[in-house]
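What follows is the content of protein01.cif, which has mmCIF, C-alpha atoms:
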```cif
data_entry
#
loop_
_atom_site.label_atom_id
_atom_site.label_comp_id
_atom_site.auth_asym_id
_atom_site.auth_seq_id
_atom_site.Cartn_x
_atom_site.Cartn_y
_atom_site.Cartn_z
CA MET A 24 13.17 -11.58 42.36
CA ASN A 25 14.10 -15.26 42.68
CA GLU A 26 11.15 -15.73 45.07
CA ILE A 27 8.53 -14.56 42.53
CA PRO A 28 6.71 -17.50 40.84
CA THR A 29 7.47 -17.81 37.13
CA GLU A 30 3.79 -17.50 36.19
CA VAL A 31 3.60 -13.99 37.70
CA VAL A 32 3.97 -11.27 35.07
CA VAL A 33 6.44 -8.59 36.14
CA VAL A 34 6.63 -5.35 34.17
CA LYS A 35 9.37 -2.81 34.74
CA HIS A 36 9.62 0.84 33.79
CA PRO A 37 12.88 2.72 34.38
CA VAL A 38 12.50 6.21 35.81
CA LYS A 39 15.01 9.05 35.94
CA ASP A 40 15.15 9.65 39.68
CA VAL A 41 16.24 13.26 40.19
CA SER A 42 15.96 12.87 43.96
CA SER A 43 18.85 10.41 44.04
CA ILE A 44 21.21 13.22 43.05
CA LEU A 45 20.22 15.33 46.06
CA PHE A 46 19.42 12.64 48.62
CA SER A 47 21.99 9.92 48.04
CA LYS A 48 22.02 7.81 51.21
CA LYS A 49 25.75 7.25 50.89
CA LYS A 50 26.39 10.98 50.95
CA THR A 51 23.74 12.32 53.28
CA SER A 52 22.23 9.60 55.48
CA LYS A 53 22.27 10.33 59.18
CA LYS A 54 23.43 7.59 61.54
CA GLY A 55 20.55 5.73 63.15
CA THR A 56 17.83 7.34 61.05
CA SER A 57 15.49 6.39 58.25
CA ASN A 58 14.80 8.60 55.22
CA LEU A 59 16.49 11.63 56.80
CA THR A 60 19.69 13.44 55.97
CA ASN A 61 22.38 14.93 58.17
CA ASN A 62 21.95 18.24 56.34
CA LYS A 63 19.16 20.53 57.58
CA PHE A 64 19.08 22.46 54.32
CA LEU A 65 18.59 19.27 52.29
CA SER A 66 15.92 18.15 54.76
CA PHE A 67 14.16 21.48 54.21
CA ILE A 68 14.38 21.04 50.43
CA ARG A 69 13.07 17.49 50.76
CA GLY A 70 10.15 18.57 52.96
CA ASN A 71 9.02 21.61 50.98
CA PHE A 72 9.80 20.87 47.34
CA PHE A 73 9.40 17.09 47.12
CA ILE A 74 5.82 16.56 48.27
CA PRO A 75 4.82 14.07 49.53
CA ASP A 76 8.33 12.60 49.25
CA ALA A 77 11.49 12.40 47.21
CA LYS A 78 10.01 9.87 44.75
CA ILE A 79 7.40 12.30 43.40
CA SER A 80 9.41 12.48 40.17
CA TRP A 81 8.39 8.89 39.45
CA VAL A 82 4.67 9.65 39.26
CA ASP A 83 4.04 11.19 35.83
CA SER A 84 6.28 8.75 33.99
CA ALA A 85 4.83 5.72 35.79
CA VAL A 86 1.23 6.86 35.24
CA GLY A 87 1.79 7.28 31.49
CA PHE A 88 3.43 3.86 31.22
CA LEU A 89 0.74 2.11 33.26
CA LYS A 90 -2.13 3.74 31.40
CA ASN A 91 -0.78 2.26 28.18
CA PHE A 92 -0.32 -1.10 29.89
CA LEU A 93 -3.86 -1.17 31.35
CA GLN A 94 -5.46 -0.30 28.01
CA GLU A 95 -4.15 -3.59 26.66
CA ASN A 96 -4.03 -5.79 29.79
CA ARG A 97 -6.92 -6.58 32.14
CA VAL A 98 -6.27 -6.59 35.88
CA ASP A 99 -8.70 -7.20 38.76
CA ALA A 100 -7.28 -4.62 41.17
CA ILE A 101 -4.56 -2.04 41.66
CA ILE A 102 -2.52 -1.94 44.87
CA SER A 103 -0.31 1.02 45.69
CA THR A 104 1.91 0.71 48.72
CA GLY A 105 3.83 3.36 50.64
CA PRO A 106 6.01 4.85 51.87
CA PRO A 107 7.03 6.35 49.58
CA HIS A 108 3.46 7.67 49.62
CA SER A 109 3.88 9.25 46.20
CA MET A 110 3.12 5.73 44.95
CA HIS A 111 -0.47 6.33 46.04
CA LEU A 112 -0.63 9.26 43.62
CA ILE A 113 0.05 6.76 40.83
CA GLY A 114 -2.83 4.65 42.14
CA LEU A 115 -5.08 7.71 42.36
CA ALA A 116 -4.36 8.72 38.75
CA LEU A 117 -5.13 5.21 37.51
CA LYS A 118 -8.31 5.09 39.57
CA ASN A 119 -9.45 8.31 37.91
CA SER A 120 -8.82 6.85 34.44
CA PHE A 121 -10.01 3.24 34.79
CA ASP A 122 -12.92 1.51 36.50
CA ILE A 123 -10.60 -0.77 38.49
CA PRO A 124 -10.80 -1.30 42.27
CA TRP A 125 -7.88 0.40 44.02
CA VAL A 126 -6.28 -0.57 47.35
CA ALA A 127 -4.00 1.98 49.05
CA ASP A 128 -1.65 0.22 51.45
CA PHE A 129 -0.14 2.37 54.23
CA ARG A 130 2.79 0.54 55.83
CA ASP A 131 3.57 3.74 57.76
CA PRO A 132 1.55 6.88 58.48
CA TRP A 133 1.73 9.73 55.96
CA THR A 134 1.35 13.21 57.45
CA ASP A 135 1.48 11.74 60.98
CA LEU A 136 4.85 10.06 60.44
CA TYR A 137 6.82 10.54 63.66
CA TYR A 138 9.87 12.15 62.03
CA ALA A 139 7.87 14.41 59.66
CA LYS A 140 8.80 17.43 61.80
CA ASP A 141 12.45 16.93 60.83
CA PHE A 142 11.63 18.03 57.28
CA TYR A 143 10.89 21.59 58.48
CA GLN A 144 7.78 21.93 56.31
CA LEU A 145 6.32 25.39 55.79
CA PRO A 146 2.53 25.84 56.07
CA PHE A 147 1.98 25.59 52.31
CA ALA A 148 3.84 22.26 52.20
CA ARG A 149 1.98 20.82 55.20
CA ASN A 150 -1.35 21.85 53.68
CA LYS A 151 -0.49 20.38 50.29
CA ASN A 152 0.66 17.14 51.91
CA GLN A 153 -2.53 16.93 53.98
CA LYS A 154 -4.75 17.49 50.93
CA LEU A 155 -2.94 14.82 48.93
CA GLU A 156 -3.37 12.33 51.76
CA GLU A 157 -7.07 13.16 52.12
CA LYS A 158 -7.58 12.76 48.36
CA VAL A 159 -5.98 9.31 48.41
CA LEU A 160 -7.90 8.17 51.48
CA SER A 161 -11.26 9.38 50.20
CA ASN A 162 -10.88 7.87 46.72
CA ALA A 163 -9.35 4.46 47.43
CA ASP A 164 -11.84 1.58 47.48
CA LEU A 165 -9.94 0.06 50.40
CA VAL A 166 -7.18 1.31 52.67
CA LEU A 167 -4.87 -1.18 54.36
CA THR A 168 -2.56 -0.41 57.25
CA VAL A 169 -0.48 -2.16 59.90
CA SER A 170 -2.06 -1.39 63.28
CA ASP A 171 -5.35 -0.53 64.97
CA HIS A 172 -4.26 2.96 66.05
CA ILE A 173 -3.26 3.93 62.52
CA LYS A 174 -6.51 2.39 61.28
CA HIS A 175 -8.47 4.66 63.63
CA LYS A 176 -6.62 7.73 62.37
CA LEU A 177 -7.00 6.90 58.68
CA GLY A 178 -10.63 5.93 59.28
CA GLN A 179 -11.46 9.56 60.02
CA THR A 180 -11.18 10.14 56.26
CA SER A 181 -11.56 6.73 54.64
CA LYS A 182 -14.76 4.71 54.97
CA ASN A 183 -13.04 1.35 54.50
CA VAL A 184 -9.83 0.65 56.43
CA GLN A 185 -8.56 -2.79 57.37
CA VAL A 186 -5.46 -4.00 59.20
CA ILE A 187 -2.88 -6.44 57.88
CA THR A 188 0.20 -6.25 60.07
CA ASN A 189 3.80 -6.87 59.14
CA GLY A 190 4.99 -10.39 59.78
CA PHE A 191 7.74 -12.98 59.48
CA ASP A 192 8.76 -15.40 56.75
CA ASP A 193 10.16 -18.93 56.72
CA GLU A 194 13.58 -17.32 56.50
CA THR A 195 13.25 -16.55 60.22
CA ASN A 196 13.50 -20.29 60.87
CA VAL A 197 16.94 -21.72 61.56
CA ALA A 198 17.97 -25.18 60.36
CA GLU A 199 19.66 -25.86 63.67
CA LYS A 200 18.72 -23.90 66.75
CA PRO A 201 21.69 -21.69 67.73
CA THR A 202 23.22 -22.18 71.15
CA LEU A 203 22.09 -19.51 73.59
CA GLU A 204 24.77 -17.01 74.54
CA ALA A 205 26.61 -17.93 77.71
CA ASP A 206 26.36 -14.38 79.01
CA PHE A 207 23.16 -12.62 80.09
CA THR A 208 22.90 -11.02 76.65
CA ILE A 209 20.36 -8.30 75.93
CA SER A 210 20.36 -7.82 72.16
CA TYR A 211 19.01 -5.08 69.92
CA ILE A 212 19.09 -5.83 66.19
CA GLY A 213 18.19 -3.32 63.48
CA LEU A 214 17.81 0.44 63.06
CA LEU A 215 17.97 2.47 66.29
CA PRO A 216 17.09 6.15 65.71
CA LYS A 217 17.72 8.92 68.22
CA SER A 218 14.03 9.02 69.19
CA SER A 219 14.27 5.41 70.40
CA VAL A 220 17.37 5.72 72.58
CA PRO A 221 16.34 4.27 76.00
CA HIS A 222 17.96 6.75 78.40
CA ARG A 223 16.20 5.50 81.54
CA LEU A 224 16.93 1.85 80.75
CA PHE A 225 20.67 2.55 80.58
CA GLU A 226 20.46 4.28 83.96
CA VAL A 227 18.70 1.25 85.46
CA ILE A 228 21.22 -1.18 84.00
CA GLN A 229 24.07 0.90 85.39
CA GLU A 230 22.39 0.91 88.79
CA LEU A 231 21.94 -2.88 88.76
CA LYS A 232 25.55 -3.31 87.71
CA GLY A 233 26.65 -1.31 90.76
CA GLU A 234 24.39 -3.25 93.13
CA ASN A 235 25.04 -6.80 91.93
CA GLU A 236 28.55 -8.03 91.14
CA SER A 237 27.21 -11.22 89.56
CA PHE A 238 24.91 -9.22 87.26
CA LYS A 239 27.88 -7.03 86.28
CA LYS A 240 29.97 -10.10 85.45
CA ASP A 241 27.29 -11.84 83.39
CA LEU A 242 25.83 -8.83 81.55
CA LYS A 243 26.39 -8.26 77.84
CA LEU A 244 24.60 -5.60 75.78
CA LYS A 245 24.71 -6.27 72.04
CA PHE A 246 23.68 -3.70 69.41
CA MET A 247 23.68 -4.87 65.80
CA GLY A 248 22.73 -2.61 62.87
CA ASP A 249 22.43 1.13 62.23
CA ILE A 250 22.71 2.46 65.78
CA ASN A 251 22.49 6.17 66.60
CA ASP A 252 25.81 7.55 67.86
CA GLU A 253 24.13 8.78 71.05
CA VAL A 254 23.91 5.16 72.23
CA LYS A 255 27.71 4.86 72.28
CA GLU A 256 27.95 8.14 74.15
CA ILE A 257 25.48 7.02 76.82
CA VAL A 258 27.14 3.63 77.14
CA GLY A 259 30.42 5.41 77.87
CA ASN A 260 28.87 7.87 80.32
CA GLN A 261 27.13 5.09 82.24
CA GLY A 262 30.29 3.01 82.50
CA LEU A 263 28.91 0.18 80.38
CA THR A 264 31.59 0.09 77.68
CA GLU A 265 33.11 -3.14 78.99
CA GLN A 266 29.73 -4.89 78.85
CA THR A 267 28.66 -3.60 75.41
CA GLU A 268 29.28 -4.79 71.84
CA PHE A 269 28.46 -2.84 68.68
CA HIS A 270 28.17 -4.49 65.27
CA ASP A 271 27.36 -2.90 61.91
CA TYR A 272 24.75 -4.39 59.61
CA VAL A 273 25.26 -8.11 58.97
CA PRO A 274 23.66 -10.51 56.47
CA HIS A 275 20.05 -11.21 57.36
CA LYS A 276 20.74 -14.86 58.18
CA GLU A 277 23.35 -13.77 60.73
CA ALA A 278 20.90 -11.29 62.26
CA ILE A 279 18.30 -14.06 62.57
CA ASN A 280 20.83 -16.31 64.31
CA ALA A 281 21.66 -13.48 66.72
CA GLN A 282 17.96 -13.12 67.58
CA HIS A 283 17.64 -16.84 68.31
CA SER A 284 20.77 -16.95 70.48
CA ALA A 285 20.05 -13.86 72.61
CA GLN A 286 18.95 -14.33 76.19
CA VAL A 287 16.65 -11.27 75.97
CA LEU A 288 15.60 -9.31 72.89
CA LEU A 289 15.34 -5.55 73.34
CA LEU A 290 12.60 -3.75 71.37
CA LEU A 291 12.48 0.06 71.36
CA ILE A 292 9.58 2.21 70.18
CA PRO A 293 10.28 5.88 69.32
CA ASN A 294 9.43 8.16 72.25
CA VAL A 295 7.32 10.54 70.17
CA ALA A 296 3.72 11.70 69.91
CA HIS A 297 1.20 9.29 68.34
CA ASN A 298 3.48 6.27 68.80
CA GLU A 299 0.69 3.94 69.96
CA GLY A 300 0.32 2.49 66.47
CA ILE A 301 3.99 1.76 65.81
CA LEU A 302 4.58 -1.94 65.21
CA THR A 303 8.10 -2.36 63.87
CA GLY A 304 8.88 -5.16 61.45
CA LYS A 305 11.50 -6.29 63.95
CA LEU A 306 8.76 -7.24 66.42
CA PHE A 307 7.57 -10.10 64.23
CA GLU A 308 11.03 -11.52 63.68
CA TYR A 309 11.50 -11.34 67.44
CA LEU A 310 8.27 -13.30 67.91
CA ALA A 311 9.56 -15.99 65.56
CA ALA A 312 12.83 -16.22 67.53
CA LYS A 313 10.86 -17.21 70.66
CA ARG A 314 13.12 -15.43 73.10
CA PRO A 315 11.80 -13.13 75.89
CA ILE A 316 11.12 -9.61 74.59
CA LEU A 317 11.84 -6.56 76.73
CA ALA A 318 10.04 -3.65 75.04
CA ILE A 319 10.23 0.02 75.95
CA GLY A 320 7.23 1.92 74.63
CA PRO A 321 3.63 2.96 75.22
CA THR A 322 1.86 0.49 77.49
CA ASP A 323 -1.52 1.25 75.91
CA GLY A 324 -0.42 0.82 72.28
CA ASP A 325 -0.73 -1.91 69.67
CA LEU A 326 2.64 -3.38 70.63
CA ALA A 327 1.40 -4.05 74.17
CA LYS A 328 -1.69 -5.72 72.73
CA VAL A 329 0.37 -8.04 70.51
CA LEU A 330 2.71 -9.03 73.34
CA ARG A 331 -0.23 -9.75 75.63
CA GLU A 332 -1.95 -11.90 73.01
CA THR A 333 1.24 -13.84 72.26
CA ASN A 334 2.65 -13.97 75.81
CA ALA A 335 6.00 -13.10 74.22
CA GLY A 336 7.32 -10.41 76.54
CA VAL A 337 6.72 -7.26 78.53
CA VAL A 338 6.18 -3.60 77.57
CA ILE A 339 7.46 -0.95 79.97
CA ASP A 340 6.81 2.79 79.77
CA PHE A 341 9.77 4.98 78.82
CA ASP A 342 10.23 6.36 82.34
CA ASP A 343 9.10 3.44 84.52
CA ALA A 344 12.47 2.74 86.11
CA GLU A 345 10.94 0.58 88.85
CA LYS A 346 9.37 -1.87 86.39
CA MET A 347 12.48 -1.88 84.23
CA LYS A 348 14.52 -2.88 87.25
CA SER A 349 12.12 -5.57 88.46
CA SER A 350 11.81 -7.04 84.94
CA LEU A 351 15.57 -7.17 84.46
CA ILE A 352 16.02 -8.79 87.85
CA GLY A 353 13.32 -11.32 86.98
CA PHE A 354 14.93 -12.17 83.65
CA TYR A 355 18.35 -12.42 85.28
CA GLU A 356 17.18 -14.72 88.07
CA GLN A 357 15.61 -17.03 85.46
CA PHE A 358 18.87 -16.91 83.48
CA LYS A 359 20.91 -17.94 86.53
CA ALA A 360 18.50 -20.78 87.18
CA GLY A 361 18.74 -21.94 83.56
CA GLU A 362 15.03 -21.27 83.12
CA LEU A 363 14.95 -18.14 80.94
CA GLU A 364 12.51 -18.95 78.18
CA VAL A 365 9.18 -17.79 76.81
CA GLN A 366 5.98 -19.77 76.31
CA SER A 367 4.67 -17.74 73.41
CA LYS A 368 1.42 -18.54 71.63
CA ASN A 369 -0.69 -17.45 68.67
CA ILE A 370 2.29 -16.23 66.66
CA ASP A 371 1.42 -18.14 63.46
CA GLN A 372 -1.18 -15.48 62.70
CA PHE A 373 1.78 -13.23 61.84
CA HIS A 374 3.37 -15.64 59.36
CA ARG A 375 3.32 -13.89 56.00
CA LYS A 376 1.54 -16.84 54.36
CA ASN A 377 -1.38 -16.33 56.73
CA LEU A 378 -1.25 -12.57 56.28
CA THR A 379 -1.28 -13.05 52.51
CA SER A 380 -4.33 -15.28 52.83
CA LYS A 381 -5.99 -12.38 54.60
CA LEU A 382 -4.95 -10.08 51.75
CA VAL A 383 -6.52 -12.50 49.27
CA GLU A 384 -9.83 -12.31 51.15
CA VAL A 385 -9.93 -8.51 51.22
CA LEU A 386 -9.08 -8.44 47.50
CA LYS A 387 -12.01 -10.76 46.85
CA GLU A 388 -14.24 -8.37 48.76
CA VAL A 389 -13.07 -5.25 46.95
CA THR A 390 -13.31 -6.87 43.50
CA ALA A 391 -16.68 -8.59 44.05
#
```
Represent the structure of the file as structure tokens.
Amino acid sequence: MNEIPTEVVVVKHPVKDVSSILFSKKKTSKKGTSNLTNNKFLSFIRGNFFIPDAKISWVDSAVGFLKNFLQENRVDAIISTGPPHSMHLIGLALKNSFDIPWVADFRDPWTDLYYAKDFYQLPFARNKNQKLEEKVLSNADLVLTVSDHIKHKLGQTSKNVQVITNGFDDETNVAEKPTLEADFTISYIGLLPKSSVPHRLFEVIQELKGENESFKKDLKLKFMGDINDEVKEIVGNQGLTEQTEFHDYVPHKEAINAQHSAQVLLLLIPNVAHNEGILTGKLFEYLAAKRPILAIGPTDGDLAKVLRETNAGVVIDFDDAEKMKSSLIGFYEQFKAGELEVQSKNIDQFHRKNLTSKLVEVLKEVTA
């Protein structure tokens, strides 16, 4: 809130959130997941009775409040942003009541979300969810999303879809550049769900450790954040415990410093269907850190395109052990020679000030 300019009017409306009783993160969150519970029954309830999501109880109250507000206050446009995608139902209701341009901003897919299957939706719930999404897409004056692949999917229903990616802020800068870690440190920072666990990469690292005593001595794997428990299990099975550090969530500034001091930054895309459009927010902080990025994911996706355009790292397919090995050897040889660095380019396009300028232009178009 401290970052919002004083001239911006902020209105607040408290809502009784019934979902918080059932889906309290403290009580039910599953390690290394996002928006899921460790209780299959609660996941089933969430998927079949809270459609499109657990914040559906906000909609009626918010719509009533905002209708009263808009009758007395003129605005140029309405932006709804999700997930939670129930926020788009607020935008839809206001669009139906007022002649105001409406922008629906999809920061993640809706029905195509990669972990949607974990909600065990019955046919009636899937159909209802699909119809709600189609209604939003077909009625919004403009749909925004984060990647070209998601744009293509949403464009099958919406006639006007544009891309504004995630990005990085000035907070990713460091006043004094941290000293690089003395070890050959491969760092992963953030949420690591089960679908992103890099099984083949661990096998390759274990193989290199057995083949090269120097690599074994210099190697350090660092995981910082909400890491799925399966990672610790694999680390133990592959004999990598001595070379691996685990840290819970840390203040954002500390996470930024860890990104800048890593020798190599590890980026993992979920190994699921329709993952070509996944561009994690972590990617853009990694770009700002200007350290070599080793990404495991689809080689024909939007991530690969960004890394090619910025020359910031390499994307390797989930099962391409040969390329994983050659890339790690290449990074390690540069590390030993004191030459491990990245000559990235064109990353300023992902600064949030530039992305916001793009948002300003699309708002001008939709309100013209």
For CA of Val86 in chain A and CA of Asp40 in chain A, the interatomic separation in Å (one decimal):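 If I compute the distance from CA of Val86 in chain A to CA of Asp40 in chain A, I get 14.9 Å.
Take the candidates A:Val273, A:Gln229, A:Ser120, A:Asn152 and check each one against Ile79 in chain A using only C-alpha atoms; the shortest distance goes to A:Asn152.
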Residue among A:Gly361, A:Pro216, A:Pro274, A:Gly233 lying closest to Ile292 in chain A, counting only C-alpha atoms: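 Residue with the minimum atom-to-atom distance to Ile292 in chain A: A:Pro216.
Between CA of Ile44 in chain A and CA of Phe67 in chain A the interatomic distance comes to 15.6 Å.
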Would you kindly translate the PyMOL selection byres ((chain A and resi 109-114) around 8) into the concrete residues it picks from this file, as a list in words?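 This file gives the following for the PyMOL selection byres ((chain A and resi 109-114) around 8): Ile74, Pro75, Asp76, Lys78, Ile79, Val82, Asp83, Ala85, Val86, Ile101, Ile102, Ser103, Thr104, Gly105, Pro106, Pro107, His108, Leu115, Ala116, Leu117, Lys118, Trp125, Ala127 and Val159 of chain A.
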Complete the atoms of range 167-192 of chain A to N, CA and C atoms and put them out as a PDB file, in the coordinates of the input.
```
ATOM      1  N   LEU A 167      -5.473  -0.219  53.450  1.00  0.00           N
ATOM      2  CA  LEU A 167      -4.870  -1.180  54.360  1.00  0.00           C
ATOM      3  C   LEU A 167      -3.814  -0.480  55.197  1.00  0.00           C
ATOM      4  N   THR A 168      -3.659  -0.921  56.432  1.00  0.00           N
ATOM      5  CA  THR A 168      -2.560  -0.410  57.250  1.00  0.00           C
ATOM      6  C   THR A 168      -2.135  -1.473  58.250  1.00  0.00           C
ATOM      7  N   VAL A 169      -1.190  -1.140  59.128  1.00  0.00           N
ATOM      8  CA  VAL A 169      -0.480  -2.160  59.900  1.00  0.00           C
ATOM      9  C   VAL A 169      -0.904  -2.274  61.354  1.00  0.00           C
ATOM     10  N   SER A 170      -1.707  -1.330  61.859  1.00  0.00           N
ATOM     11  CA  SER A 170      -2.060  -1.390  63.280  1.00  0.00           C
ATOM     12  C   SER A 170      -3.414  -0.721  63.520  1.00  0.00           C
ATOM     13  N   ASP A 171      -4.011  -1.045  64.660  1.00  0.00           N
ATOM     14  CA  ASP A 171      -5.350  -0.530  64.970  1.00  0.00           C
ATOM     15  C   ASP A 171      -5.347   0.984  65.187  1.00  0.00           C
ATOM     16  N   HIS A 172      -4.294   1.509  65.807  1.00  0.00           N
ATOM     17  CA  HIS A 172      -4.260   2.960  66.050  1.00  0.00           C
ATOM     18  C   HIS A 172      -4.158   3.742  64.747  1.00  0.00           C
ATOM     19  N   ILE A 173      -3.343   3.255  63.817  1.00  0.00           N
ATOM     20  CA  ILE A 173      -3.260   3.930  62.520  1.00  0.00           C
ATOM     21  C   ILE A 173      -4.579   3.773  61.766  1.00  0.00           C
ATOM     22  N   LYS A 174      -5.209   2.602  61.904  1.00  0.00           N
ATOM     23  CA  LYS A 174      -6.510   2.390  61.280  1.00  0.00           C
ATOM     24  C   LYS A 174      -7.519   3.430  61.762  1.00  0.00           C
ATOM     25  N   HIS A 175      -7.543   3.683  63.063  1.00  0.00           N
ATOM     26  CA  HIS A 175      -8.470   4.660  63.630  1.00  0.00           C
ATOM     27  C   HIS A 175      -8.221   6.042  63.038  1.00  0.00           C
ATOM     28  N   LYS A 176      -6.957   6.414  62.913  1.00  0.00           N
ATOM     29  CA  LYS A 176      -6.620   7.730  62.370  1.00  0.00           C
ATOM     30  C   LYS A 176      -7.032   7.840  60.912  1.00  0.00           C
ATOM     31  N   LEU A 177      -6.673   6.860  60.102  1.00  0.00           N
ATOM     32  CA  LEU A 177      -7.000   6.900  58.680  1.00  0.00           C
ATOM     33  C   LEU A 177      -8.512   6.787  58.460  1.00  0.00           C
ATOM     34  N   GLY A 178      -9.189   6.111  59.386  1.00  0.00           N
ATOM     35  CA  GLY A 178     -10.630   5.930  59.280  1.00  0.00           C
ATOM     36  C   GLY A 178     -11.424   7.219  59.463  1.00  0.00           C
ATOM     37  N   GLN A 179     -10.773   8.265  59.917  1.00  0.00           N
ATOM     38  CA  GLN A 179     -11.460   9.560  60.020  1.00  0.00           C
ATOM     39  C   GLN A 179     -11.716  10.161  58.641  1.00  0.00           C
ATOM     40  N   THR A 180     -10.994   9.665  57.632  1.00  0.00           N
ATOM     41  CA  THR A 180     -11.180  10.140  56.260  1.00  0.00           C
ATOM     42  C   THR A 180     -11.701   9.042  55.351  1.00  0.00           C
ATOM     43  N   SER A 181     -11.144   7.849  55.477  1.00  0.00           N
ATOM     44  CA  SER A 181     -11.560   6.730  54.640  1.00  0.00           C
ATOM     45  C   SER A 181     -12.702   5.957  55.289  1.00  0.00           C
ATOM     46  N   LYS A 182     -13.625   5.479  54.461  1.00  0.00           N
ATOM     47  CA  LYS A 182     -14.760   4.710  54.970  1.00  0.00           C
ATOM     48  C   LYS A 182     -14.457   3.225  55.079  1.00  0.00           C
ATOM     49  N   ASN A 183     -13.348   2.785  54.524  1.00  0.00           N
ATOM     50  CA  ASN A 183     -13.040   1.350  54.500  1.00  0.00           C
ATOM     51  C   ASN A 183     -11.569   1.128  54.769  1.00  0.00           C
ATOM     52  N   VAL A 184     -11.213   0.890  56.037  1.00  0.00           N
ATOM     53  CA  VAL A 184      -9.830   0.650  56.430  1.00  0.00           C
ATOM     54  C   VAL A 184      -9.749  -0.707  57.127  1.00  0.00           C
ATOM     55  N   GLN A 185      -8.791  -1.509  56.730  1.00  0.00           N
ATOM     56  CA  GLN A 185      -8.560  -2.790  57.370  1.00  0.00           C
ATOM     57  C   GLN A 185      -7.099  -2.940  57.731  1.00  0.00           C
ATOM     58  N   VAL A 186      -6.819  -3.812  58.693  1.00  0.00           N
ATOM     59  CA  VAL A 186      -5.460  -4.000  59.200  1.00  0.00           C
ATOM     60  C   VAL A 186      -4.889  -5.320  58.719  1.00  0.00           C
ATOM     61  N   ILE A 187      -3.713  -5.263  58.106  1.00  0.00           N
ATOM     62  CA  ILE A 187      -2.880  -6.440  57.880  1.00  0.00           C
ATOM     63  C   ILE A 187      -1.484  -6.061  58.359  1.00  0.00           C
ATOM     64  N   THR A 188      -1.066  -6.648  59.440  1.00  0.00           N
ATOM     65  CA  THR A 188       0.200  -6.250  60.070  1.00  0.00           C
ATOM     66  C   THR A 188       1.382  -6.697  59.229  1.00  0.00           C
ATOM     67  N   ASN A 189       2.571  -6.257  59.644  1.00  0.00           N
ATOM     68  CA  ASN A 189       3.800  -6.870  59.140  1.00  0.00           C
ATOM     69  C   ASN A 189       3.879  -8.278  59.710  1.00  0.00           C
ATOM     70  N   GLY A 190       4.898  -9.018  59.303  1.00  0.00           N
ATOM     71  CA  GLY A 190       4.990 -10.390  59.780  1.00  0.00           C
ATOM     72  C   GLY A 190       6.375 -10.966  59.577  1.00  0.00           C
ATOM     73  N   PHE A 191       6.456 -12.293  59.671  1.00  0.00           N
ATOM     74  CA  PHE A 191       7.740 -12.980  59.480  1.00  0.00           C
ATOM     75  C   PHE A 191       7.589 -14.044  58.417  1.00  0.00           C
ATOM     76  N   ASP A 192       8.713 -14.398  57.805  1.00  0.00           N
ATOM     77  CA  ASP A 192       8.760 -15.400  56.750  1.00  0.00           C
ATOM     78  C   ASP A 192       9.432 -16.671  57.246  1.00  0.00           C
TER      79      ASP A 192
END
```
